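Coordinates from target_37.pdb are shown below (PDB, C-alpha atoms).
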```
ATOM      1  CA  MET G   6      18.923 -22.728  -4.906
ATOM      2  CA  SER G   7      16.023 -22.129  -2.592
ATOM      3  CA  ILE G   8      14.510 -19.000  -1.140
ATOM      4  CA  ARG G   9      12.827 -18.362   2.179
ATOM      5  CA  LEU G  10      11.053 -15.400   3.704
ATOM      6  CA  ILE G  11      12.731 -14.189   6.895
ATOM      7  CA  THR G  12      10.787 -11.021   7.737
ATOM      8  CA  ALA G  13       7.377 -10.383   6.204
ATOM      9  CA  PRO G  14       6.326  -6.870   5.196
ATOM     10  CA  ALA G  15       5.113  -4.649   8.018
ATOM     11  CA  SER G  16       2.174  -3.473   5.904
ATOM     12  CA  TYR G  17       0.394  -4.092   2.633
ATOM     13  CA  PRO G  18       0.723  -1.867  -0.443
ATOM     14  CA  VAL G  19      -3.007  -1.078  -0.302
ATOM     15  CA  SER G  20      -4.670   0.105   2.898
ATOM     16  CA  LEU G  21      -8.002  -1.083   4.215
ATOM     17  CA  ALA G  22      -9.428   2.415   3.598
ATOM     18  CA  GLU G  23      -8.279   2.393  -0.048
ATOM     19  CA  ALA G  24      -9.794  -1.048  -0.653
ATOM     20  CA  LYS G  25     -13.082  -0.103   1.016
ATOM     21  CA  THR G  26     -13.300   3.055  -1.088
ATOM     22  CA  HIS G  27     -12.601   1.017  -4.235
ATOM     23  CA  CYS G  28     -15.343  -1.491  -3.312
ATOM     24  CA  ARG G  29     -17.739   1.243  -2.126
ATOM     25  CA  ILE G  30     -17.999  -0.232   1.371
ATOM     26  CA  ASP G  31     -19.286   1.822   4.286
ATOM     27  CA  GLY G  32     -18.980   0.680   7.880
ATOM     28  CA  THR G  33     -16.686  -1.841   9.507
ATOM     29  CA  ASP G  34     -18.701  -5.074   9.348
ATOM     30  CA  GLU G  35     -16.593  -6.525   6.518
ATOM     31  CA  ASP G  36     -13.164  -5.196   7.491
ATOM     32  CA  ALA G  37     -11.787  -8.669   8.270
ATOM     33  CA  LEU G  38     -12.966  -9.963   4.888
ATOM     34  CA  VAL G  39     -11.419  -7.019   3.026
ATOM     35  CA  ASP G  40      -8.151  -7.384   4.967
ATOM     36  CA  GLY G  41      -8.017 -11.013   3.868
ATOM     37  CA  LEU G  42      -8.714 -10.059   0.263
ATOM     38  CA  ILE G  43      -5.900  -7.488   0.371
ATOM     39  CA  ALA G  44      -3.511 -10.138   1.695
ATOM     40  CA  ALA G  45      -4.566 -12.651  -0.968
ATOM     41  CA  ALA G  46      -4.381 -10.105  -3.796
ATOM     42  CA  THR G  47      -0.948  -8.917  -2.660
ATOM     43  CA  SER G  48       0.291 -12.500  -2.564
ATOM     44  CA  HIS G  49      -1.134 -13.151  -6.035
ATOM     45  CA  VAL G  50       0.548 -10.050  -7.485
ATOM     46  CA  GLU G  51       3.896 -10.912  -5.884
ATOM     47  CA  LEU G  52       3.757 -14.488  -7.180
ATOM     48  CA  TYR G  53       2.684 -13.347 -10.657
ATOM     49  CA  THR G  54       5.471 -10.763 -10.952
ATOM     50  CA  GLY G  55       8.169 -12.559  -8.958
ATOM     51  CA  ARG G  56       8.746  -9.322  -7.043
ATOM     52  CA  ALA G  57       8.550  -8.123  -3.484
ATOM     53  CA  ILE G  58       6.204  -5.144  -3.406
ATOM     54  CA  VAL G  59       6.810  -3.795   0.110
ATOM     55  CA  SER G  60      10.123  -4.079   2.003
ATOM     56  CA  GLN G  61      10.753  -7.609   3.279
ATOM     57  CA  THR G  62      13.787  -9.746   4.140
ATOM     58  CA  TRP G  63      14.656 -12.937   2.255
ATOM     59  CA  GLU G  64      17.393 -15.542   2.194
ATOM     60  CA  ALA G  65      18.604 -17.234  -0.964
ATOM     61  CA  VAL G  66      20.397 -20.519  -0.281
ATOM     62  CA  TYR G  67      22.904 -22.086  -2.691
ATOM     63  CA  ASP G  68      24.984 -25.248  -2.619
ATOM     64  CA  SER G  69      28.185 -23.403  -3.570
ATOM     65  CA  PHE G  70      29.495 -20.074  -4.793
ATOM     66  CA  SER G  71      29.441 -19.014  -8.438
ATOM     67  CA  ASP G  72      30.802 -15.887 -10.107
ATOM     68  CA  ALA G  73      27.336 -14.357 -10.112
ATOM     69  CA  MET G  74      24.412 -15.554  -7.994
ATOM     70  CA  VAL G  75      20.889 -14.522  -8.916
ATOM     71  CA  LEU G  76      18.618 -13.024  -6.271
ATOM     72  CA  PRO G  77      15.179 -14.322  -7.209
ATOM     73  CA  LYS G  78      13.129 -11.603  -5.480
ATOM     74  CA  GLY G  79      13.577  -7.973  -6.366
ATOM     75  CA  PRO G  80      13.982  -5.150  -6.370
ATOM     76  CA  VAL G  81      16.851  -5.681  -3.932
ATOM     77  CA  THR G  82      17.570  -2.645  -1.779
ATOM     78  CA  ALA G  83      20.301  -4.108   0.430
ATOM     79  CA  ILE G  84      22.409  -7.200   1.005
ATOM     80  CA  THR G  85      22.524  -7.906   4.714
ATOM     81  CA  TYR G  86      25.207 -10.597   4.577
ATOM     82  CA  VAL G  87      26.726 -13.497   2.684
ATOM     83  CA  THR G  88      27.629 -16.522   4.817
ATOM     84  CA  TYR G  89      28.973 -19.951   3.976
ATOM     85  CA  ILE G  90      29.953 -23.247   5.580
ATOM     86  CA  ASP G  91      33.704 -23.713   5.188
ATOM     87  CA  THR G  92      35.453 -27.047   4.561
ATOM     88  CA  ALA G  93      35.837 -27.546   8.332
ATOM     89  CA  GLY G  94      32.060 -27.231   8.784
ATOM     90  CA  ALA G  95      32.127 -23.789  10.437
ATOM     91  CA  GLU G  96      29.931 -20.880   9.391
ATOM     92  CA  GLN G  97      31.886 -17.913   8.014
ATOM     93  CA  THR G  98      30.852 -14.457   6.770
ATOM     94  CA  VAL G  99      32.203 -12.931   3.551
ATOM     95  CA  SER G 100      33.296  -9.316   3.956
ATOM     96  CA  SER G 101      31.044  -6.942   2.041
ATOM     97  CA  VAL G 102      34.084  -5.507   0.216
ATOM     98  CA  ASN G 103      34.425  -8.861  -1.565
ATOM     99  CA  TYR G 104      31.079  -8.740  -3.372
ATOM    100  CA  SER G 105      28.599  -6.253  -4.774
ATOM    101  CA  LEU G 106      25.016  -6.059  -5.944
ATOM    102  CA  ASP G 107      24.491  -5.845  -9.692
ATOM    103  CA  ASP G 108      21.342  -3.747  -9.452
ATOM    104  CA  ALA G 109      21.403  -2.697 -13.094
ATOM    105  CA  SER G 110      20.278  -6.169 -14.134
ATOM    106  CA  ASP G 111      16.863  -7.710 -13.798
ATOM    107  CA  PRO G 112      16.947 -10.060 -11.995
ATOM    108  CA  GLN G 113      19.648  -8.697  -9.748
ATOM    109  CA  TRP G 114      22.839 -10.576  -8.931
ATOM    110  CA  VAL G 115      25.486 -10.789  -6.239
ATOM    111  CA  VAL G 116      28.861 -10.725  -7.965
ATOM    112  CA  ARG G 117      32.295 -11.260  -6.491
ATOM    113  CA  ALA G 118      34.856  -8.460  -6.462
ATOM    114  CA  THR G 119      37.261  -8.531  -9.394
ATOM    115  CA  ASN G 120      40.361  -9.612  -7.466
ATOM    116  CA  TYR G 121      38.565 -11.888  -5.030
ATOM    117  CA  THR G 122      38.115 -15.649  -5.175
ATOM    118  CA  TRP G 123      35.142 -17.184  -3.400
ATOM    119  CA  PRO G 124      36.273 -19.494  -0.586
ATOM    120  CA  GLU G 125      35.926 -23.270  -0.698
ATOM    121  CA  VAL G 126      32.760 -24.584   0.922
ATOM    122  CA  SER G 127      31.824 -27.814   2.636
ATOM    123  CA  GLU G 128      30.618 -30.719   0.540
ATOM    124  CA  GLY G 129      26.870 -31.133   0.337
ATOM    125  CA  VAL G 130      23.980 -28.741  -0.034
ATOM    126  CA  ASN G 131      22.844 -25.384   1.323
ATOM    127  CA  ASN G 132      26.345 -24.093   2.046
ATOM    128  CA  VAL G 133      25.950 -20.452   0.958
ATOM    129  CA  VAL G 134      23.309 -18.052   2.309
ATOM    130  CA  ILE G 135      22.639 -14.548   1.028
ATOM    131  CA  ARG G 136      20.297 -12.489   3.187
ATOM    132  CA  PHE G 137      18.826  -9.477   1.432
ATOM    133  CA  VAL G 138      16.090  -6.881   1.649
ATOM    134  CA  ALA G 139      13.735  -6.492  -1.301
ATOM    135  CA  GLY G 140      10.791  -4.238  -2.060
ATOM    136  CA  TYR G 141       9.948  -0.885  -3.587
ATOM    137  CA  THR G 142      10.534   2.297  -1.611
ATOM    138  CA  THR G 143       7.494   3.712  -3.431
ATOM    139  CA  VAL G 144       4.994   1.152  -4.666
ATOM    140  CA  PRO G 145       4.362   1.636  -8.402
ATOM    141  CA  ALA G 146       0.772   2.603  -9.215
ATOM    142  CA  PRO G 147       0.144  -0.472 -11.440
ATOM    143  CA  PHE G 148       0.747  -2.779  -8.450
ATOM    144  CA  LYS G 149      -1.752  -0.903  -6.301
ATOM    145  CA  GLN G 150      -4.338  -0.795  -9.091
ATOM    146  CA  ALA G 151      -3.962  -4.520  -9.820
ATOM    147  CA  ILE G 152      -4.450  -5.332  -6.132
ATOM    148  CA  LEU G 153      -7.540  -3.127  -5.972
ATOM    149  CA  LEU G 154      -9.000  -4.790  -9.088
ATOM    150  CA  LEU G 155      -8.489  -8.226  -7.571
ATOM    151  CA  VAL G 156      -9.965  -7.185  -4.223
ATOM    152  CA  GLY G 157     -13.010  -5.740  -6.009
ATOM    153  CA  GLN G 158     -13.483  -8.833  -8.164
ATOM    154  CA  TRP G 159     -13.154 -11.199  -5.230
ATOM    155  CA  TYR G 160     -15.388  -9.056  -3.010
ATOM    156  CA  ASP G 161     -18.157  -9.097  -5.619
ATOM    157  CA  ASN G 162     -17.735 -12.821  -6.400
ATOM    158  CA  ARG G 163     -17.218 -14.627  -3.103
ATOM    159  CA  SER G 164     -18.144 -18.143  -4.182
ATOM    160  CA  ALA G 165     -16.362 -20.642  -6.371
ATOM    161  CA  ALA G 166     -19.739 -21.949  -7.523
ATOM    162  CA  THR G 167     -22.920 -20.137  -8.438
ATOM    163  CA  ASP G 168     -26.117 -20.684 -10.406
ATOM    164  CA  LYS G 169     -25.291 -17.586 -12.472
ATOM    165  CA  PRO G 170     -22.684 -17.630 -15.217
ATOM    166  CA  LEU G 171     -19.360 -16.223 -14.024
ATOM    167  CA  ILE G 172     -17.463 -13.828 -16.224
ATOM    168  CA  ALA G 173     -13.704 -14.266 -16.254
ATOM    169  CA  MET G 174     -11.594 -11.456 -14.852
ATOM    170  CA  PRO G 175     -10.574  -9.175 -17.673
ATOM    171  CA  ASN G 176      -6.923  -9.070 -18.595
ATOM    172  CA  ALA G 177      -6.580  -5.732 -16.790
ATOM    173  CA  VAL G 178      -4.529  -7.195 -13.933
ATOM    174  CA  GLU G 179      -2.120  -8.926 -16.300
ATOM    175  CA  ALA G 180      -1.907  -5.809 -18.485
ATOM    176  CA  LEU G 181      -1.002  -3.677 -15.465
ATOM    177  CA  LEU G 182       1.699  -6.101 -14.325
ATOM    178  CA  THR G 183       3.230  -7.391 -17.560
ATOM    179  CA  ASN G 184       6.131  -4.938 -17.605
ATOM    180  CA  TYR G 185       6.993  -5.808 -14.003
ATOM    181  CA  ARG G 186       7.286  -9.585 -14.396
ATOM    182  CA  SER G 187      10.606 -11.108 -13.458
ATOM    183  CA  PHE G 188      11.548 -14.611 -14.487
ATOM    184  CA  ALA G 189      14.420 -15.143 -12.075
ATOM    185  CA  PHE G 190      13.152 -18.222 -10.337
TER     186      PHE G 190
END
```
Can you turn what I pasted into structure tokens?
Amino acid sequence: MSIRLITAPASYPVSLAEAKTHCRIDGTDEDALVDGLIAAATSHVELYTGRAIVSQTWEAVYDSFSDAMVLPKGPVTAITYVTYIDTAGAEQTVSSVNYSLDDASDPQWVVRATNYTWPEVSEGVNNVVIRFVAGYTTVPAPFKQAILLLVGQWYDNRSAATDKPLIAMPNAVEALLTNYRSFAF
């Protein structure tokens, strides 16, 4: 299985104004820097937790069907479609009545309907594609706080090398995110 981002989030979970307030920045001279720090911190938090924070569209690609197929980015809010390459080499779409989202599990799964049998697919790889939307409708406060802590730390410590001893980031970010980690992929 592989996963690929189709549509990136339209915004970040933390605004420029929130990050500047957190870092006690006045003026606009460092807006580009802070925007970059927000992007990097958001990416770090998403990679650490295995979750999509703000709504975004992904595709999970499988070689073949199985009774339950894990969706490695959550929380999933919608399945857009399930397609496959049939034995004749043509792309087909599975009707949405033939599968459902198991959203009670973490990670979440696409499962086939009880009286449905997945169709045969072409030989080879990357024959089944599930497009889905993932992200929180309301971003949990621990995600926002972790991003702000990272932005603040990186804003204050802009170099990888210094003549002063660096102090490691406290475990606050990990403590905020521990309960949100997903080990789907």
Point out the residue among G:Ile58, G:Ala24, G:Val115, G:Ala146 with the least atom-to-atom distance to Val134 (chain G), counting only C-alpha atoms.
G:Val115
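The nearest approach to Ser7 (chain G) among the residues G:Ile135, G:Val66, G:Leu106, G:Ile152, with all atoms listed in the file taken into account, belongs to G:Val66.
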Which is closer to Ala46 (chain G) than all the others in G:Arg136, G:Arg9, G:Arg117, G:Lys149, using only C-alpha atoms?
G:Lys149
I would like the residues chosen by the PyMOL selection byres ((chain G and resi 54) around 7) on the shown file; could you give them as a VMD selection string?
chain G and resid 50 to 53 55 to 56 182 185 to 187
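Interatomic distance, CA of Tyr67 (chain G) against CA of Val87 (chain G): 10.8 Å.
Residue nearest Asn184 (chain G) within the list G:Glu128, G:Asp111, G:Asp91, G:Glu96: G:Asp111 [criterion: smallest interatomic distance, only C-alpha atoms].
Nearest to Ile90 (chain G) of all the residues G:Phe70, G:Trp114, G:Phe137, G:Tyr17 is G:Phe70, based on all atoms listed in the file.
The gap separating CA of Val116 (chain G) from CA of Ile8 (chain G) is 17.9 Å, in Å to one decimal.
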Polymer residues at most 10 Å from Val102 (chain G), all atoms listed in the file, same-chain spacing of 2 or more positions, as JSON, numbers by chain:
{"G": [99, 100, 104, 105, 117, 118, 121]}
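Put simply, CA of Gly157 (chain G) is 19.4 Å away from CA of Ser16 (chain G).
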If you apply the PyMOL selection byres ((chain G and resi 177) around 12) to this file, what residues do you get, as a PDB file with C-alpha atoms, in the frame of the given file?
```
ATOM      1  CA  PRO G 147       0.144  -0.472 -11.440  1.00  0.00           C
ATOM      2  CA  PHE G 148       0.747  -2.779  -8.450  1.00  0.00           C
ATOM      3  CA  GLN G 150      -4.338  -0.795  -9.091  1.00  0.00           C
ATOM      4  CA  ALA G 151      -3.962  -4.520  -9.820  1.00  0.00           C
ATOM      5  CA  ILE G 152      -4.450  -5.332  -6.132  1.00  0.00           C
ATOM      6  CA  LEU G 153      -7.540  -3.127  -5.972  1.00  0.00           C
ATOM      7  CA  LEU G 154      -9.000  -4.790  -9.088  1.00  0.00           C
ATOM      8  CA  LEU G 155      -8.489  -8.226  -7.571  1.00  0.00           C
ATOM      9  CA  GLN G 158     -13.483  -8.833  -8.164  1.00  0.00           C
ATOM     10  CA  ALA G 173     -13.704 -14.266 -16.254  1.00  0.00           C
ATOM     11  CA  MET G 174     -11.594 -11.456 -14.852  1.00  0.00           C
ATOM     12  CA  PRO G 175     -10.574  -9.175 -17.673  1.00  0.00           C
ATOM     13  CA  ASN G 176      -6.923  -9.070 -18.595  1.00  0.00           C
ATOM     14  CA  VAL G 178      -4.529  -7.195 -13.933  1.00  0.00           C
ATOM     15  CA  GLU G 179      -2.120  -8.926 -16.300  1.00  0.00           C
ATOM     16  CA  ALA G 180      -1.907  -5.809 -18.485  1.00  0.00           C
ATOM     17  CA  LEU G 181      -1.002  -3.677 -15.465  1.00  0.00           C
ATOM     18  CA  LEU G 182       1.699  -6.101 -14.325  1.00  0.00           C
ATOM     19  CA  THR G 183       3.230  -7.391 -17.560  1.00  0.00           C
TER      20      THR G 183
END
```
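Each of G:Asn120, G:Thr142, G:Ser110, G:Asn162 was checked against Val75 (chain G) using all atoms listed in the file; the smallest atom-to-atom distance is that of G:Ser110.
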Write out as AutoDock Vina command-line options an axis-aligned box for region 60-65 of chain G: all of its atoms listed in the file, 6 Å added on each side, centre and edge lengths in Å with one decimal.
```
--center_x 14.4 --center_y -10.7 --center_z 1.6 --size_x 20.5 --size_y 25.2 --size_z 17.1
```
Surrounding residues of region 11-13 of chain G excluding itself and chain neighbours under 3 positions, 7 Å, all atoms listed in the file, as a list of chain:residue names
G:Gln61, G:Thr62, G:Trp63, G:Glu64
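By only C-alpha atoms, and with residues fewer than 2 positions from Val59 (chain G) along its chain excluded, the set lying at most 7 Å from it is Pro14, Tyr17, Pro18, Ala57, Gln61, Gly140 and Tyr141 of chain G.
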